[in-house]
Amino acid sequence: MTGGKTVAIVGATGAVGIELRDVLESANGIEIDELRLIASARSAGTRVPFRGDELEVRELADGVFGGVDIALFAASGDVSRAWASPAVEAGAVVIDNSSAFRLDADVPLVVPECNPEQVAERPRGIIANPNCSTIILVVALAPLHRAVGVERVVVSTYQAASGAGLAAMEELRSSTRAVLGGAEPPAPEALPHSLAFNLFPRIDVFRDDDYTREEDKMLYETRKILGVPGLAVEATCVRVPVERSHSEAVTVELGAAMEPEAARRLFADAPGLVVVDEPEHSRYPQPRDFSGADPVAVGRVRVSRAFERGLTFWVVGDQLRKGAALNAVQIADLVCAEGSGTPS
Ligand SMILES: NC(=O)c1ccc[n+]([C@@H]2O[C@H](COP(=O)([O-])OP(=O)(O)OC[C@H]3O[C@@H](n4cnc5c(N)ncnc54)[C@H](OP(=O)(O)O)[C@@H]3O)[C@@H](O)[C@H]2O)c1
């Protein structure tokens, strides 16, 4: 795919859509001739800035994908299920942030630091962007897996309010203000419970086996991205009163024992990762420090007390950026580089 591109964002007014616009504003991989912003009738007509211009948001409707090369979907799974095929039929490659197609065998699930070659295998013209917590996890697992194999993973997440969208982020702010003012927090709408001075071990719906759908996503998507069908991934996903950036406490059992210092070197040399690990100077990754940042940060690397050949560490990543928008734009870069002979 060569030449300037017409790129569409579906869900352009949401948390991921706004971040996609921000990443594209400075992206140098894709030459953009036109950016088409699409949302529901609620925000059609709104004008938003892009590269010194003002773009009008259009309603998702028949004909909206005409001439689009890359369609970045960041609305709901239902919207993707209804509109991804019409976008492909109109000639676009769809990169989808929802969970609609992630586990479909004929849709690649791609994190460019792990499995970039799979971008090319897209018989339906759709590439899925993984779950945000999963992206942050696999960027850290990938170098360990390449070196000695990862055999088992136990992960607890500390997920920011904005992971549930703009409305949830606003709900965290308003309920916190209410409690600070001495009032009861208002009844939550975007989240299942009030998050002000609180946290809760539930993200997405519960399954029959008492795990949540978010915990299932971390298991099945990690297996698919790393190409290890039997990998055990035990996740507990928790919503915490942080505005932005997810944190994860991870313990892995490896194929061979590894010293923490060797792991730090692997992490430091891996694409998309930085190491912040100086506990003696109180330096370890924190969500505030990595909000708006591209890399995933890893620290607190130590020998596991639970697993043979085990390591425990702490990972932080901005779930709106690497966990969603940046990963999708990196995939778009790979698509645009096809046929140009230029590795992206
Ligand atoms: N938030 C995250 O950290 C994150 C990370 C990874 C993946 N994701 C996934 O990305 C997607 C978007 O999440 P978000 O957090 O950005 O949600 P959000 O803040 O609630 O934004 C939703 C967007 O979808 C649009 N939309 C809703 N219904 C629509 C319809 N019927 N037709 C067209 N547009 C419609 C909204 O437009 P209006 O302004 O018109 O309502 C808005 O632009 C979801 O599938 C989510 O699971 C989110």
# chains A, B, ... in the order shown; residues from 1 in each chain; ligands from 1

call {"tool": "select_by_dssp", "arguments": {"residues": "region 193-332 of chain A", "states": "strand (DSSP E or B)", "output": "ChimeraX atom specification"}}
result
/A:200,206,212,232-239,246-254,273-275,278,283,296-303,310-317

call {"tool": "residues_near_ligand", "arguments": {"ligand": "ligand 1", "cutoff": "6 Å", "atoms": "only C-alpha atoms and all ligand atoms", "output": "PyMOL selection string"}}
result
chain A and resi 11-17+39-43+60+74-77+79+97-98+131-132+162-166+319-320+323-324

call {"tool": "residues_around", "arguments": {"residues": "Leu195 (chain A)", "least_positions_apart": "4", "cutoff": "10 Å", "atoms": "only C-alpha atoms", "output": "PyMOL selection string"}}
result
chain A and resi 161+168-169+171-173+175-176+185+188+191+199-200+239-242

call {"tool": "select_by_dssp", "arguments": {"residues": "region 176-230 of chain A", "states": "helix (DSSP H, G or I)", "output": "ChimeraX atom specification"}}
result
/A:176-180,213-226

call {"tool": "write_last_selection", "arguments": {"atoms": "C-alpha atoms", "output": "mmCIF file, in the first residue's frame"}}
result
data_model
loop_
_atom_site.group_PDB
_atom_site.id
_atom_site.type_symbol
_atom_site.label_atom_id
_atom_site.label_comp_id
_atom_site.auth_asym_id
_atom_site.auth_seq_id
_atom_site.Cartn_x
_atom_site.Cartn_y
_atom_site.Cartn_z
ATOM 1 C CA THR A 176 -14.226 11.886 44.077
ATOM 2 C CA ARG A 177 -15.303 15.553 44.205
ATOM 3 C CA ALA A 178 -18.575 14.517 45.890
ATOM 4 C CA VAL A 179 -16.846 12.467 48.586
ATOM 5 C CA LEU A 180 -14.267 15.216 49.220
ATOM 6 C CA ARG A 213 -14.541 -11.721 30.671
ATOM 7 C CA GLU A 214 -11.538 -9.397 31.071
ATOM 8 C CA GLU A 215 -9.658 -12.230 32.808
ATOM 9 C CA ASP A 216 -10.643 -14.560 29.944
ATOM 10 C CA LYS A 217 -9.344 -12.017 27.426
ATOM 11 C CA MET A 218 -5.961 -11.984 29.167
ATOM 12 C CA LEU A 219 -5.800 -15.797 28.974
ATOM 13 C CA TYR A 220 -6.996 -16.435 25.421
ATOM 14 C CA GLU A 221 -5.490 -13.366 23.772
ATOM 15 C CA THR A 222 -2.064 -13.940 25.368
ATOM 16 C CA ARG A 223 -2.111 -17.525 24.063
ATOM 17 C CA LYS A 224 -3.005 -16.354 20.543
ATOM 18 C CA ILE A 225 -0.440 -13.523 20.382
ATOM 19 C CA LEU A 226 2.450 -15.593 21.774
#

call {"tool": "atom_distance", "arguments": {"atom1": "CA of Glu308 (chain A)", "atom2": "CA of Val148 (chain A)"}}
result
13.8 Å

call {"tool": "atom_distance", "arguments": {"atom1": "CA of Val139 (chain A)", "atom2": "CA of Ser156 (chain A)"}}
result
15.9 Å

call {"tool": "atom_distance", "arguments": {"atom1": "CA of Asp69 (chain A)", "atom2": "CA of Thr134 (chain A)"}}
result
27.2 Å

call {"tool": "residues_around", "arguments": {"residues": "region 44-46 of chain A", "least_positions_apart": "5", "cutoff": "6 Å", "atoms": "only C-alpha atoms", "output": "list in words"}}
result
Glu56, Val57, Arg58 and Glu59 of chain A

call {"tool": "closest_residue", "arguments": {"among": "A:Arg202, A:Arg283, A:Arg36, A:Arg51", "to": "Val23 (chain A)", "atoms": "only C-alpha atoms"}}
result
A:Arg51

call {"tool": "closest_residue", "arguments": {"among": "A:Gly66, A:Gly52, A:Gly149, A:Gly292", "to": "Met258 (chain A)", "atoms": "only C-alpha atoms"}}
result
A:Gly149

call {"tool": "residues_around", "arguments": {"residues": "Ala92 (chain A)", "least_positions_apart": "2", "cutoff": "12 Å", "atoms": "only C-alpha atoms", "output": "number ranges by chain"}}
result
A: 1, 5-9, 64-73, 83-90, 94-96, 124-127, 332, 335-336

call {"tool": "closest_residue", "arguments": {"among": "A:Leu326, A:Val205, A:Val155, A:Ala167", "to": "Glu189 (chain A)", "atoms": "only C-alpha atoms"}}
result
A:Ala167

call {"tool": "residues_around", "arguments": {"residues": "Leu103 (chain A)", "least_positions_apart": "3", "cutoff": "9 Å", "atoms": "only C-alpha atoms", "output": "list in words"}}
result
Ser99, Ala100, Asp106, Val107, Pro108, Leu109, Ala128, Tyr220, Glu221 and Lys224 of chain A

call {"tool": "closest_residue", "arguments": {"among": "A:Ala140, A:Cys237, A:Val10, A:Val316", "to": "Tyr284 (chain A)", "atoms": "only C-alpha atoms"}}
result
A:Val316

call {"tool": "residues_around", "arguments": {"residues": "Val154 (chain A)", "least_positions_apart": "2", "cutoff": "10 Å", "atoms": "only C-alpha atoms", "output": "list in words"}}
result
Arg152, Ser156, Ala232, Val233, Glu234, Ala235, Thr236, Ala249, Val250, Thr251, Val252, Glu253 and Thr312 of chain A

call {"tool": "closest_residue", "arguments": {"among": "A:Ala160, A:Ala187, A:Ala262, A:Val48", "to": "Ile203 (chain A)", "atoms": "only C-alpha atoms"}}
result
A:Ala160

call {"tool": "closest_residue", "arguments": {"among": "A:Gly63, A:Pro186, A:Gly255, A:Gly227", "to": "Gln118 (chain A)", "atoms": "only C-alpha atoms"}}
result
A:Gly227
